[in-house]
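Asks: Following this line is start_18.cif, made up of mmCIF, C-alpha atoms:
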data_final
loop_
_atom_site.label_atom_id
_atom_site.label_comp_id
_atom_site.auth_asym_id
_atom_site.auth_seq_id
_atom_site.Cartn_x
_atom_site.Cartn_y
_atom_site.Cartn_z
CA MET M 1 0.00 0.00 0.00
CA THR M 2 1.38 3.40 -0.98
CA ASN M 3 1.50 6.46 1.28
CA GLU M 4 -1.30 8.03 -0.76
CA GLU M 5 -3.52 4.95 -0.44
CA LEU M 6 -2.88 4.64 3.28
CA GLY M 7 -3.53 8.33 3.86
CA LYS M 8 -6.82 8.18 1.95
CA GLN M 9 -7.89 5.07 3.86
CA ILE M 10 -7.21 6.69 7.23
CA HIS M 11 -8.91 9.92 6.13
CA ASN M 12 -12.07 8.10 5.01
CA LYS M 13 -12.20 6.09 8.25
CA THR M 14 -11.84 9.27 10.28
CA LEU M 15 -14.70 10.91 8.37
CA LEU M 16 -16.88 7.86 8.98
CA LEU M 17 -16.20 7.74 12.72
CA ASN M 18 -16.71 11.48 13.14
CA ASP M 19 -20.02 11.30 11.28
CA ILE M 20 -21.23 8.45 13.51
CA LEU M 21 -20.12 10.26 16.64
CA ASP M 22 -21.96 13.38 15.48
CA LYS M 23 -25.17 11.40 14.92
CA THR M 24 -24.77 9.76 18.33
CA ARG M 25 -24.30 13.17 19.95
CA LYS M 26 -27.46 14.49 18.29
CA THR M 27 -29.36 11.41 19.47
CA PHE M 28 -28.10 11.92 23.01
CA GLU M 29 -29.12 15.58 22.99
CA LEU M 30 -32.58 14.61 21.70
CA MET M 31 -32.76 12.04 24.48
CA ARG M 32 -31.76 14.70 27.02
CA VAL M 33 -34.50 17.07 25.81
CA GLN M 34 -37.18 14.38 25.80
CA ALA M 35 -36.17 13.06 29.24
CA ARG M 36 -36.45 16.58 30.67
CA GLU M 37 -39.88 17.06 29.08
CA ILE M 38 -41.15 13.71 30.38
CA MET M 39 -39.99 14.54 33.91
CA GLU M 40 -41.51 18.03 33.77
CA TYR M 41 -44.81 16.67 32.51
CA MET M 42 -45.05 14.04 35.25
CA SER M 43 -43.90 16.41 37.98
CA LYS M 44 -46.93 18.63 37.30
CA GLU M 45 -49.15 15.82 38.57
CA TYR M 46 -46.67 14.42 41.10
CA PRO M 47 -44.41 17.22 42.39
CA ASN M 48 -40.94 16.21 43.65
CA GLU M 49 -41.38 12.60 42.49
CA PHE M 50 -39.94 13.09 39.01
CA VAL M 51 -36.62 14.92 38.67
CA PHE M 52 -34.30 15.57 35.75
CA GLU M 53 -30.66 16.44 36.44
CA ASP M 54 -27.96 17.38 33.96
CA LYS M 55 -24.50 16.10 34.91
CA ASN M 56 -22.26 17.02 31.97
CA ASN M 57 -22.14 16.91 28.17
CA ASN M 58 -22.10 13.12 28.16
CA GLU M 59 -24.36 12.30 31.10
CA PHE M 60 -27.75 13.09 32.61
CA GLU M 61 -30.04 11.33 35.04
CA ILE M 62 -33.72 11.05 35.85
CA ARG M 63 -35.14 10.20 39.27
CA PHE M 64 -38.53 8.63 39.85
CA GLY M 65 -39.86 6.64 42.79
CA SER M 66 -37.03 4.57 44.27
CA ASP M 67 -35.02 4.50 41.05
CA ILE M 68 -32.49 6.55 39.14
CA LEU M 69 -31.67 6.06 35.48
CA VAL M 70 -28.31 7.40 34.35
CA PHE M 71 -27.81 7.95 30.62
CA VAL M 72 -24.19 8.04 29.47
CA MET M 73 -22.91 8.63 25.95
CA HIS M 74 -19.58 6.98 25.14
CA THR M 75 -17.16 9.20 23.24
CA ASN M 76 -15.83 6.39 21.04
CA VAL M 77 -17.27 4.47 18.10
CA PHE M 78 -17.41 0.67 18.19
CA GLU M 79 -17.65 -2.21 15.77
CA PHE M 80 -19.15 -5.59 16.60
CA SER M 81 -17.23 -8.84 16.71
CA ARG M 82 -17.46 -11.21 13.76
CA ASN M 83 -19.67 -13.55 15.80
CA HIS M 84 -22.22 -10.91 16.74
CA GLU M 85 -25.69 -11.42 15.27
CA VAL M 86 -25.63 -7.93 13.77
CA MET M 87 -22.79 -8.95 11.46
CA ARG M 88 -24.99 -11.63 9.88
CA LEU M 89 -27.69 -9.18 8.80
CA PRO M 90 -27.91 -8.55 5.02
CA TYR M 91 -28.21 -4.84 5.87
CA VAL M 92 -24.71 -4.91 7.39
CA GLN M 93 -23.20 -7.35 4.90
CA GLN M 94 -24.20 -5.02 2.04
CA ASP M 95 -22.18 -2.20 3.65
CA ARG M 96 -19.68 -3.10 6.34
CA ASN M 97 -19.50 0.53 7.45
CA ARG M 98 -23.02 0.11 8.85
CA SER M 99 -21.59 -2.07 11.60
CA PHE M 100 -19.75 0.86 13.20
CA CYS M 101 -21.89 2.42 15.95
CA GLY M 102 -21.89 5.05 18.64
CA MET M 103 -23.18 3.89 22.02
CA ILE M 104 -25.42 5.28 24.77
CA ASN M 105 -25.60 3.28 28.03
CA ILE M 106 -28.57 3.29 30.42
CA TYR M 107 -27.85 2.37 34.05
CA ASN M 108 -30.31 1.74 36.87
CA PHE M 109 -29.44 2.70 40.45
CA LEU M 110 -31.42 2.86 43.68
CA THR M 111 -32.24 6.42 44.72
CA ASP M 112 -31.18 5.65 48.30
CA SER M 113 -27.70 4.72 47.08
CA PHE M 114 -27.20 8.35 46.04
CA ASP M 115 -29.17 9.99 48.84
CA TYR M 116 -27.30 8.14 51.59
CA ASN M 117 -23.91 8.28 49.80
CA ARG M 118 -23.62 4.51 49.68
CA ASP M 119 -20.62 4.57 47.37
CA TYR M 120 -20.24 0.80 47.34
CA ASP M 121 -23.75 0.14 46.04
CA LEU M 122 -23.95 -1.09 42.48
CA GLY M 123 -25.80 0.06 39.39
CA TYR M 124 -27.13 -2.19 36.69
CA LEU M 125 -26.82 -1.78 32.93
CA ILE M 126 -30.36 -2.28 31.60
CA GLY M 127 -29.75 -1.27 28.00
CA ARG M 128 -27.35 0.23 25.50
CA VAL M 129 -28.39 2.04 22.37
CA PHE M 130 -26.31 1.71 19.19
CA ILE M 131 -26.54 4.30 16.37
CA ASN M 132 -24.83 3.93 12.99
CA LYS M 133 -24.01 6.22 10.05
CA ASP M 134 -27.53 5.84 8.60
CA ASN M 135 -29.08 6.99 11.89
CA HIS M 136 -30.41 3.45 12.32
CA TYR M 137 -30.38 1.97 15.78
CA PHE M 138 -31.00 -1.08 17.91
CA ILE M 139 -30.89 -1.72 21.65
CA GLU M 140 -29.21 -4.48 23.62
CA GLY M 141 -30.95 -4.94 26.94
CA LYS M 142 -33.63 -6.61 28.98
CA ARG M 143 -36.67 -7.73 27.03
CA GLU M 144 -38.76 -4.67 27.94
CA VAL M 145 -36.03 -2.31 26.74
CA GLY M 146 -34.32 -4.18 23.92
CA LEU M 147 -35.05 -3.93 20.22
CA LEU M 148 -34.42 -6.98 18.02
CA TYR M 149 -31.30 -6.91 15.85
CA SER M 150 -33.46 -7.78 12.84
CA SER M 151 -35.01 -4.29 13.02
CA PHE M 152 -31.64 -2.60 12.55
CA ASN M 153 -32.24 -2.10 8.81
CA THR M 154 -35.53 -0.22 9.32
CA ALA M 155 -35.40 1.38 12.79
CA VAL M 156 -34.46 5.05 12.44
CA ILE M 157 -33.81 7.10 15.57
CA ASP M 158 -36.23 10.00 16.00
CA GLU M 159 -38.18 11.82 18.70
CA GLN M 160 -40.78 9.08 19.05
CA SER M 161 -38.23 6.26 19.30
CA VAL M 162 -36.24 8.22 21.89
CA CYS M 163 -39.38 8.74 23.99
CA ASP M 164 -40.16 5.03 23.72
CA ILE M 165 -36.66 4.13 24.91
CA ILE M 166 -36.91 6.42 27.94
CA ARG M 167 -40.42 5.30 28.94
CA SER M 168 -39.67 1.60 28.50
CA SER M 169 -36.50 2.00 30.60
CA MET M 170 -38.52 3.71 33.34
CA GLU M 171 -41.17 1.00 33.21
CA TYR M 172 -38.54 -1.72 33.42
CA ALA M 173 -36.82 -0.15 36.43
CA ASN M 174 -40.13 0.51 38.19
CA ASN M 175 -41.39 -3.06 37.73
CA PHE M 176 -38.42 -4.76 39.35
CA ASP M 177 -38.34 -4.65 43.12
CA LEU M 178 -35.80 -5.76 45.67
CA LEU M 179 -36.35 -9.20 47.13
CA THR M 180 -35.24 -9.91 50.70
CA PRO M 181 -31.82 -11.62 50.63
CA PRO M 182 -31.38 -15.00 52.36
CA PHE M 183 -31.07 -14.58 56.12
CA ASP M 184 -27.74 -16.41 56.36
CA GLU M 185 -26.15 -14.02 53.86
CA VAL M 186 -26.79 -10.92 55.97
CA LYS M 187 -26.83 -12.21 59.55
CA GLU M 188 -23.33 -10.89 60.30
CA ILE M 189 -22.31 -7.25 60.43
CA SER M 190 -19.09 -5.53 61.49
CA VAL M 191 -18.72 -2.80 64.10
CA SER M 192 -17.69 -0.30 61.41
CA GLU M 193 -20.81 -1.10 59.38
CA ILE M 194 -23.18 -0.66 62.30
CA ARG M 195 -21.52 2.67 63.12
CA SER M 196 -21.73 3.96 59.57
CA SER M 197 -24.68 5.10 57.51
CA ALA M 198 -24.14 2.06 55.29
CA VAL M 199 -26.17 0.01 57.75
CA LEU M 200 -29.28 1.82 56.51
CA GLY M 201 -29.10 -0.26 53.38
CA GLY M 202 -27.92 -3.53 54.89
CA LYS M 203 -24.37 -3.63 53.48
CA ILE M 204 -23.82 -3.27 49.73
CA THR M 205 -27.14 -2.94 47.99
CA ALA M 206 -28.13 -3.43 44.38
CA LYS M 207 -30.99 -5.06 42.58
CA ARG M 208 -28.69 -7.85 41.40
CA LEU M 209 -26.41 -8.30 44.40
CA GLY M 210 -27.95 -10.35 47.21
CA PHE M 211 -31.28 -9.59 45.61
CA GLU M 212 -33.03 -10.73 42.45
CA PHE M 213 -35.41 -9.22 39.98
CA GLN M 214 -38.75 -10.86 40.61
CA GLN M 215 -39.50 -11.09 36.88
CA ASP M 216 -36.10 -12.63 36.13
CA LYS M 217 -37.53 -15.80 37.66
CA GLU M 218 -40.53 -15.83 35.37
#
Just give me the structure of the file as structure tokens.
Replies:
Amino acid sequence: MTNEELGKQIHNKTLLLNDILDKTRKTFELMRVQAREIMEYMSKEYPNEFVFEDKNNNEFEIRFGSDILVFVMHTNVFEFSRNHEVMRLPYVQQDRNRSFCGMINIYNFLTDSFDYNRDYDLGYLIGRVFINKDNHYFIEGKREVGLLYSSFNTAVIDEQSVCDIIRSSMEYANNFDLLTPPFDEVKEISVSEIRSSAVLGGKITAKRLGFEFQQDKE
């Protein structure tokens, strides 16, 4: 490969990745606007129960009930492994560049974890949104949040799809409650734990650590 060929190849790849990152950024900003509007609408009926909070250019959160959803946009572009189902789609095989995607992660935390500064509590990734150069998208996540890979060739990100993603993520988080952990797993506690505010939550707390999603058993 000559210097000219290599330079052109790198230039074209850079243009592709920048274009995808720009589309992902626009999607994230649309998501930010819609999340704020959803929270403001619901807070009119239920004051102080629905809160939107901007964190930075790549992160915002919404609070509702006992849950927090944190939306985080990654600043890199990714491609899927050869064994990923997306790579088998005719839509991707016709144009390999369609397999490069920006990514937005959606995490679920307990509100008390933040309010009581329980820094060792864990969040849970419930979905991640992938956007490609065509502004097509799909979602990896739990069944209530996820969108089938087979829809990647037709699903275009827009205001309605963004609202659907946010509402389905809220519904998912709201429908999964903490189950009491087995007695033998929490019967011991240290002096430092009983003296600290961490005891309010019964050691490290998360919906998937010492607890289970009720519907995960169904």
Asks: Residues near segment 150-152 of chain M, anyone? I mean within 10 Å using all atoms listed in the file, not counting same-chain ones fewer than 4 positions away, as a ChimeraX atom specification.
Replies: /M:85-86,88-92,98,130-132,135-139,156
Asks: Name every residue that the PyMOL selection byres ((chain M and resi 27-33) around 10) selects in this structure, writing the answer as a PyMOL selection string with chains first and numbers rising.
Replies: chain M and resi 21-26+34-38+52-54+57-62+71-73+102-104+129+131+135+157-159+161-163+165-166
Asks: If the PyMOL selection byres ((chain M and resi 69) around 7) were run on this exact file, what residues would it hold? Put them as a list in words.
Replies: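 Applying the PyMOL selection byres ((chain M and resi 69) around 7) to the structure shown produces Glu61, Ile62, Arg63, Asp67, Ile68, Val70, Phe71, Ile106, Tyr107, Asn108 and Phe109 of chain M.
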Asks: Smallest atom-to-atom distance to Lys133 of chain M: which of M:Met87, M:Val51, M:Leu16, M:Leu110, using all atoms listed in the file?
Replies: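 So, comparing all the options, the nearest one is M:Leu16.
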Asks: How far is it from atom CA of Asp134 of chain M to atom CA of His84 of chain M, in Å with one decimal?
Replies: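 Computing it gives 19.4 Å between the two atoms.
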Asks: Measuring atom to atom with only C-alpha atoms, identify which of M:Thr111, M:Arg82, M:Arg128, M:Gln160 is nearest to Phe50 of chain M.
Replies: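 Result for the nearest residue to Phe50 of chain M: M:Thr111.
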Asks: From the options M:Ser43, M:Asn175, M:Ser169, M:Asn12, which residue's atoms come nearest to Asn105 of chain M, counting all atoms listed in the file?
Replies: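 Checking each of M:Ser43, M:Asn175, M:Ser169, M:Asn12 against Asn105 of chain M, counting all atoms listed in the file, the winner is M:Ser169.
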